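What's in entry12.cif: mmCIF, C-alpha atoms and all ligand atoms
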```
data_model
loop_
_atom_site.label_atom_id
_atom_site.label_comp_id
_atom_site.auth_asym_id
_atom_site.auth_seq_id
_atom_site.Cartn_x
_atom_site.Cartn_y
_atom_site.Cartn_z
CA MET A 282 46.66 96.38 53.02
CA ASN A 283 47.99 99.73 51.83
CA GLY A 284 51.37 101.42 52.02
CA VAL A 285 53.52 104.52 51.78
CA ILE A 286 57.09 104.86 50.51
CA PHE A 287 59.06 107.48 52.45
CA PHE A 288 62.02 109.58 51.37
CA GLN A 289 64.24 111.84 53.45
CA THR A 290 64.47 115.42 52.19
CA LYS A 291 66.58 118.46 53.00
CA LYS A 292 64.29 120.75 50.94
CA TYR A 293 60.99 120.08 52.67
CA GLU A 294 59.00 123.10 51.41
CA GLU A 295 60.45 123.15 47.92
CA ILE A 296 59.81 119.44 47.44
CA ARG A 297 56.24 119.80 48.63
CA GLU A 298 55.63 122.71 46.28
CA PHE A 299 57.19 120.81 43.38
CA TYR A 300 55.09 117.67 43.78
CA VAL A 301 51.83 119.43 44.68
CA SER A 302 51.81 122.45 42.37
CA GLY A 303 54.17 121.20 39.68
CA ILE A 304 53.18 117.58 39.28
CA GLY A 305 49.64 117.72 40.65
CA CYS A 306 49.89 115.37 43.64
CA GLU A 307 47.39 115.82 46.43
CA LEU A 308 48.60 116.59 49.96
CA TRP A 309 47.11 113.53 51.69
CA LEU A 310 48.44 113.86 55.25
CA GLU A 311 50.77 116.05 57.27
CA GLN A 312 52.35 114.48 60.32
CA ALA A 313 54.93 116.30 62.45
CA GLU A 314 57.93 116.86 60.13
CA CYS A 315 56.60 114.59 57.36
CA PHE A 316 54.00 115.02 54.63
CA ILE A 317 52.45 112.30 52.51
CA LEU A 318 51.35 112.88 48.93
CA LYS A 319 48.81 110.97 46.90
CA SER A 320 48.72 110.60 43.15
CA GLY A 321 46.25 108.04 41.89
CA ASN A 322 47.09 104.75 43.58
CA GLN A 323 50.44 106.02 44.85
CA LEU A 324 51.33 107.38 48.31
CA ILE A 325 54.76 108.97 48.76
CA GLY A 326 56.01 110.51 52.00
CA PHE A 327 58.79 113.03 52.54
CA CYS A 328 60.35 113.73 55.95
CA ASP A 329 62.44 116.73 56.91
CA ARG A 330 65.95 115.37 57.65
CA ASP A 331 69.62 116.38 57.57
CA SER A 332 70.28 114.26 54.51
CA ALA A 333 68.23 113.38 51.41
CA ASP A 334 67.40 110.01 49.84
CA THR A 335 67.79 110.48 46.14
CA ASN A 336 68.18 106.91 44.93
CA GLY A 337 65.51 105.11 43.01
CA VAL A 338 62.91 106.43 40.61
CA ILE A 339 59.45 107.84 41.30
CA THR A 340 57.24 106.89 38.36
CA PHE A 341 53.97 108.56 37.46
CA PHE A 342 51.98 106.75 34.82
CA PHE A 343 49.21 108.10 32.64
CA ASP A 344 46.38 106.73 30.52
CA THR A 345 47.63 108.21 27.25
CA LYS A 346 50.87 109.16 25.51
CA ASP A 347 49.51 112.69 25.10
CA GLU A 348 49.53 113.16 28.86
CA VAL A 349 53.19 112.07 28.97
CA ASP A 350 53.93 114.60 26.22
CA ASP A 351 52.12 117.30 28.21
CA MET A 352 54.36 116.55 31.19
CA TYR A 353 57.41 116.70 28.94
CA ARG A 354 56.46 120.19 27.78
CA LYS A 355 56.13 121.18 31.43
CA PHE A 356 59.39 119.64 32.66
CA LYS A 357 61.54 120.00 29.55
CA SER A 358 64.15 122.07 31.39
CA THR A 359 64.92 119.31 33.92
CA ALA A 360 64.25 116.33 31.62
CA THR A 361 67.15 113.93 31.17
CA SER A 362 65.58 112.17 28.18
CA GLU A 363 62.88 112.79 25.58
CA PRO A 364 59.60 110.85 25.45
CA ALA A 365 60.16 107.67 23.45
CA ASP A 366 58.83 104.16 23.02
CA ASN A 367 60.76 101.58 25.00
CA ALA A 368 60.37 98.22 23.23
CA LYS A 369 61.84 96.19 26.09
CA TYR A 370 59.22 97.27 28.63
CA HIS A 371 56.47 98.21 26.14
CA ILE A 372 56.18 101.65 27.62
CA TYR A 373 56.44 105.25 26.40
CA ASN A 374 58.38 107.39 28.85
CA PHE A 375 60.89 110.06 29.74
CA PHE A 376 62.89 110.91 32.85
CA ALA A 377 63.40 114.20 34.66
CA LYS A 378 64.76 115.36 38.04
CA ASP A 379 63.01 116.78 41.08
CA PRO A 380 64.57 119.82 42.86
CA GLU A 381 66.74 117.54 44.99
CA GLY A 382 68.02 115.48 42.06
CA ARG A 383 65.69 112.50 42.47
CA ASN A 384 64.84 110.69 39.25
CA ILE A 385 61.23 111.02 38.26
CA GLU A 386 59.71 109.16 35.34
CA PHE A 387 56.56 109.91 33.37
CA GLN A 388 55.22 106.96 31.46
CA TYR A 389 52.41 105.28 29.61
CA PHE A 390 52.03 101.47 29.59
CA ASP A 391 51.62 100.41 25.98
CA HIS A 392 49.86 97.18 26.96
CA ARG A 393 47.03 95.97 29.14
CA ILE A 394 47.87 96.37 32.84
CA ALA A 395 46.41 94.70 35.91
CA GLU A 396 43.91 96.60 38.01
CA TYR A 397 45.29 99.39 40.21
CA MET A 398 42.55 102.00 40.56
CA ASN A 399 41.50 103.37 43.91
CA GLY A 400 38.02 104.66 44.74
CA ASP A 401 38.14 108.23 43.48
CA GLU A 402 39.83 107.28 40.25
CA LEU A 403 37.33 104.50 39.66
CA LEU A 404 34.42 106.90 40.08
CA LEU A 405 36.01 109.73 38.13
CA THR A 406 37.18 107.74 35.11
CA ARG A 407 34.24 105.39 34.54
CA ARG A 408 32.62 106.18 31.22
CA SER A 409 29.95 104.74 29.00
CA VAL A 410 31.86 102.73 26.43
CA ARG A 411 30.24 101.99 23.10
CA LYS A 412 33.09 100.56 21.00
CA PHE A 413 35.08 97.49 21.99
CA ASP A 414 38.01 95.52 20.68
CA ASP A 415 37.71 91.83 19.79
CA GLU A 416 39.67 90.56 22.79
CA GLN A 417 37.72 88.02 24.80
CA ILE A 418 37.49 88.40 28.56
CA ASP A 419 39.21 85.53 30.30
CA ARG A 420 37.42 83.36 32.84
CA VAL A 421 39.67 84.40 35.74
CA THR A 422 38.84 88.07 35.21
CA LEU A 423 35.13 87.31 34.91
CA ASN A 424 35.20 85.25 38.08
CA ARG A 425 36.96 88.02 39.98
CA LEU A 426 34.47 90.54 38.63
CA PHE A 427 31.47 88.53 39.74
CA GLU A 428 33.13 87.95 43.09
CA LEU A 429 32.95 91.75 43.63
CA CYS A 430 29.35 91.77 42.43
CA ARG A 431 28.25 89.57 45.32
CA TRP A 432 28.59 92.62 47.58
CA ALA A 433 25.92 94.89 46.12
CA PRO A 434 23.33 96.00 48.67
CA THR A 435 19.75 94.66 48.38
CA SER A 436 16.62 95.26 50.41
CA HIS A 437 16.78 93.11 53.54
CA ASN A 438 19.92 91.58 52.01
CA CYS A 439 17.58 89.42 49.94
CA GLN A 440 20.19 89.04 47.13
CA SER A 441 17.45 88.94 44.55
CA TYR A 442 19.57 89.83 41.51
CA TYR A 443 21.41 87.59 39.09
CA PHE A 444 23.46 87.96 35.93
CA ARG A 445 23.05 86.37 32.52
CA ILE A 446 26.20 86.40 30.34
CA ILE A 447 25.40 86.55 26.65
CA GLY A 448 28.13 85.53 24.21
CA ASP A 449 26.06 84.13 21.36
CA LYS A 450 26.59 86.42 18.34
CA SER A 451 23.06 86.03 16.99
CA ILE A 452 21.54 86.98 20.35
CA LEU A 453 23.89 89.96 20.68
CA GLN A 454 22.81 91.03 17.20
CA PHE A 455 19.14 90.67 18.12
CA LEU A 456 19.60 92.74 21.28
CA SER A 457 21.58 95.42 19.45
CA GLU A 458 18.70 95.96 17.04
CA THR A 459 15.90 96.26 19.59
CA ARG A 460 16.10 100.06 20.02
CA GLY A 461 18.15 101.40 17.13
CA SER A 462 21.21 103.47 18.01
CA SER A 463 20.48 103.23 21.75
CA THR A 464 21.11 99.47 21.76
CA ALA A 465 23.71 99.37 18.97
CA PRO A 466 26.71 99.20 21.41
CA ILE A 467 25.64 95.65 22.35
CA GLY A 468 26.43 94.50 18.80
CA ARG A 469 30.02 95.78 19.08
CA ALA A 470 30.96 93.91 22.28
CA PRO A 471 32.30 90.37 22.70
CA VAL A 472 29.69 89.75 25.42
CA ALA A 473 26.75 91.43 27.09
CA VAL A 474 25.49 90.94 30.61
CA ALA A 475 21.85 91.16 31.62
CA ILE A 476 21.29 92.19 35.23
CA CYS A 477 18.02 90.65 36.34
CA VAL A 478 15.92 90.35 39.48
CA ASP A 479 13.60 87.61 40.67
CA PRO A 480 10.60 89.53 42.12
CA GLY A 481 9.70 86.49 44.18
CA LEU A 482 12.69 87.30 46.37
CA THR A 483 12.21 91.04 46.93
CA LYS A 484 9.65 93.79 47.33
CA ARG A 485 12.01 96.21 45.58
CA PRO A 486 13.02 94.62 42.27
CA GLU A 487 13.85 97.90 40.46
CA GLN A 488 16.01 99.21 43.26
CA ASP A 489 17.84 95.93 43.85
CA GLY A 490 18.37 95.53 40.12
CA CYS A 491 19.62 99.05 39.35
CA ILE A 492 22.02 99.06 42.28
CA ALA A 493 23.39 95.62 41.32
CA ALA A 494 23.77 96.81 37.74
CA TYR A 495 25.75 99.90 38.71
CA HIS A 496 27.82 97.78 41.10
CA PHE A 497 28.58 95.53 38.13
CA ILE A 498 29.47 98.53 35.93
CA LEU A 499 31.93 99.91 38.50
CA SER A 500 33.44 96.47 39.18
CA ALA A 501 33.91 95.91 35.45
CA TRP A 502 35.72 99.24 35.11
CA TYR A 503 38.05 98.26 37.95
CA PHE A 504 39.25 95.46 35.67
CA GLY A 505 39.53 97.83 32.70
CA LEU A 506 36.30 96.58 31.11
CA GLY A 507 33.98 99.05 29.46
CA THR A 508 30.20 98.91 29.82
CA CYS A 509 27.24 101.08 28.93
CA TRP A 510 23.89 101.29 30.64
CA ILE A 511 21.28 100.41 28.02
CA ALA A 512 17.83 101.57 29.05
CA ALA A 513 14.41 99.99 28.60
CA MET A 514 15.53 96.38 28.27
CA ASP A 515 12.82 95.07 30.59
CA ARG A 516 10.91 93.83 27.55
CA ASP A 517 9.05 90.64 26.73
CA ASP A 518 10.93 90.00 23.47
CA VAL A 519 14.29 90.35 25.28
CA LYS A 520 13.18 88.00 28.06
CA GLU A 521 11.95 85.46 25.55
CA LYS A 522 15.24 85.53 23.65
CA LEU A 523 17.28 85.22 26.86
CA GLU A 524 14.92 82.66 28.36
CA ILE A 525 14.30 84.87 31.37
CA PRO A 526 10.90 84.44 33.07
CA LYS A 527 8.41 87.11 32.04
CA GLU A 528 7.79 88.29 35.60
CA HIS A 529 11.50 88.88 36.29
CA TYR A 530 12.88 92.42 36.04
CA ILE A 531 15.79 93.34 33.75
CA ALA A 532 17.57 96.45 35.06
CA THR A 533 19.77 96.71 31.98
CA VAL A 534 21.64 94.66 29.44
CA THR A 535 25.11 96.12 29.16
CA PRO A 536 27.74 95.39 26.55
CA VAL A 537 31.03 94.35 28.19
CA GLY A 538 34.50 94.41 26.64
CA TYR A 539 37.84 96.18 26.49
CA PRO A 540 37.38 99.68 25.06
CA VAL A 541 38.95 100.20 21.62
CA LYS A 542 40.71 103.17 23.11
CA ARG A 543 40.80 104.77 26.50
CA PRO A 544 37.56 106.81 26.71
CA PRO A 545 38.05 110.57 26.71
CA LYS A 546 37.22 112.68 29.73
CA ALA A 547 33.59 112.57 30.84
CA PRO A 548 31.12 115.06 29.37
CA GLU A 549 30.82 118.15 31.56
CA ARG A 550 29.03 117.76 34.87
CA LYS A 551 27.33 120.55 36.79
CA GLU A 552 28.85 121.99 39.97
CA VAL A 553 28.18 120.41 43.37
CA SER A 554 25.77 123.28 44.17
CA TRP A 555 23.40 121.98 41.46
CA PHE A 556 23.17 118.60 43.13
CA LEU A 557 22.94 119.86 46.72
CA ARG A 558 19.56 121.47 47.23
CA ASP A 559 17.97 123.05 50.28
CA LYS A 560 14.43 122.56 49.00
C1 LIG B 1 19.13 105.38 32.93
C2 LIG B 1 20.16 105.46 31.83
C3 LIG B 1 19.81 105.08 30.55
C4 LIG B 1 20.79 105.08 29.53
N1 LIG B 1 20.45 104.58 28.31
C5 LIG B 1 21.39 104.47 27.36
C6 LIG B 1 21.10 103.79 26.14
O1 LIG B 1 20.01 103.24 25.94
N2 LIG B 1 22.10 103.73 25.21
C7 LIG B 1 23.34 104.29 25.40
O2 LIG B 1 24.18 104.18 24.50
N3 LIG B 1 23.65 104.93 26.56
C8 LIG B 1 22.71 105.02 27.55
N4 LIG B 1 23.03 105.59 28.76
C9 LIG B 1 24.37 106.18 28.99
C10 LIG B 1 24.33 107.72 29.12
O3 LIG B 1 24.18 108.29 27.84
C11 LIG B 1 25.64 108.20 29.77
O4 LIG B 1 25.72 107.64 31.08
C12 LIG B 1 25.73 109.73 29.90
O5 LIG B 1 25.80 110.32 28.61
C13 LIG B 1 26.96 110.18 30.67
O6 LIG B 1 28.16 109.70 30.07
P1 LIG B 1 29.18 108.76 30.89
O7 LIG B 1 28.40 107.53 31.34
O8 LIG B 1 30.27 108.41 29.90
O9 LIG B 1 29.69 109.53 32.05
C14 LIG B 1 22.09 105.57 29.79
C15 LIG B 1 22.43 105.95 31.09
C16 LIG B 1 21.49 105.88 32.09
C17 LIG B 1 21.91 106.25 33.51
#
```
Produce structure tokens that represent the structure in this file.
Ligand SMILES: Cc1cc2nc3c(=O)[nH]c(=O)nc-3n(C[C@H](O)[C@H](O)[C@H](O)COP(=O)(O)O)c2cc1C
Amino acid sequence: MNGVIFFQTKKYEEIREFYVSGIGCELWLEQAECFILKSGNQLIGFCDRDSADTNGVITFFFDTKDEVDDMYRKFKSTATSEPADNAKYHIYNFFAKDPEGRNIEFQYFDHRIAEYMNGDELLLTRRSVRKFDDEQIDRVTLNRLFELCRWAPTSHNCQSYYFRIIGDKSILQFLSETRGSSTAPIGRAPVAVAICVDPGLTKRPEQDGCIAAYHFILSAWYFGLGTCWIAAMDRDDVKEKLEIPKEHYIATVTPVGYPVKRPPKAPERKEVSWFLRDK
């Protein structure tokens, strides 16, 4: 289920301009005398009416305090408070007003929050994470993560892939040393996960395995867990250590854990025209 919260407005055009150009919301849908805006996971609608709803607070939250500060610099003239830590809610925030006098809040959650990302944000913010904090991943989160991983596509729906969770420190150490700096991230994570395929169940072990691995990586990020594709782990010494049959295929062994800090923006990507080719 999804939803939209609607407000009445008397300043239809001005409000649209403010939220789209000023704040950076996307115009998601226009319907008769209403428009609906999207910002991350949030949908807010405004309808042209004779009176305005100005109660409540519209909150935009960001991944870092710096982004809140950036918004403060932008909206200083209408801000009703300065950015500050709020110990009661464990947030960092400030308030401002929209052109109709509605309260808007810009904030950063200074603690771990439950999953909220929608598709585009998931794809745009996933990064390779190579440094992790010591926090263990609880069973409930892991179960929910693997529940999502059941839905990866496989050839003929053969479901040939499986996961091996590695928490033993000495094995993590061994894996982290197999290929120097390329495998080092495994040694910094509380666990690693090997994504494997039984070739007896599929004619396409590499494809099933790589798709399942990326499905795992995206699912993990949905729960705020960082991962990193580690290449060339389909090795005999790795299989022996993990007690995986020699003929099975290992797509990758990824470290898994909460990132020490929110990863910065992704390294530059080329324009769409690079990826879309006529010949
Ligand atoms: C096939 C493949 C092999 C990779 N091998 C490694 C690796 O062995 N070690 C590592 O730290 N990162 C590895 N990476 C991660 C890439 O360096 C990373 O995806 C790329 O720099 C883009 O950064 P991003 O994932 O943060 O967007 C690999 C990624 C892919 C897709």
All residues within 8 Å of ligand LIG 1 (chain B) are required, counting all atoms listed in the file; please report them as a PyMOL selection string. chain A and resi 407-411+460+462-466+509-513+547-548
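Proximity to A:Leu405 at 12 Å, evaluated using all atoms listed in the file and with sequence-adjacent residues fewer than 5 positions away removed, yields Gly321, Met398, Asn399, Gly400, Leu499, Trp502, Tyr503, Pro544, Pro545, Lys546, Ala547, Pro548, Glu549 and Arg550 of chain A.
Closest approach to A:Lys319 among A:Glu402, A:Glu363, A:Glu524, A:Asp414 is made by A:Glu402 (distances from all atoms listed in the file).
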Write out as a ChimeraX atom specification each polymer residue whose atoms come within 9 Å of A:Ile446, counting all atoms listed in the file; drop sequence neighbours fewer than 4 positions from it. /A:472-475
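Taking atom CA of A:Gln440 and atom CA of A:Leu426 as the two end points, the separation is 16.7 Å.
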Name the residues in contact with A:Ser500 at a cut-off of 9 Å, using only C-alpha atoms, excluding same-chain residues fewer than 6 positions from it; report them as a JSON list (two decimals) with C-alpha atoms, in the frame of the given file.
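Output file result_29.json is given in full below:
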```json
[["chain", "number", "residue", "atom", "x", "y", "z"],
["A", 403, "LEU", "CA", 37.33, 104.50, 39.66],
["A", 426, "LEU", "CA", 34.47, 90.54, 38.63],
["A", 427, "PHE", "CA", 31.47, 88.53, 39.74],
["A", 429, "LEU", "CA", 32.95, 91.75, 43.63],
["A", 430, "CYS", "CA", 29.35, 91.77, 42.43],
["A", 506, "LEU", "CA", 36.30, 96.58, 31.11]]
```
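One distance worth recording is that between atom CA of A:His496 and atom CA of A:Cys439, which is 15.9 Å.
The protein and nucleic acid residues lying at most 10 Å from A:Asp347 are Met352, Tyr353 and Tyr389 of chain A, with all atoms listed in the file considered and sequence neighbours fewer than 5 positions away removed.
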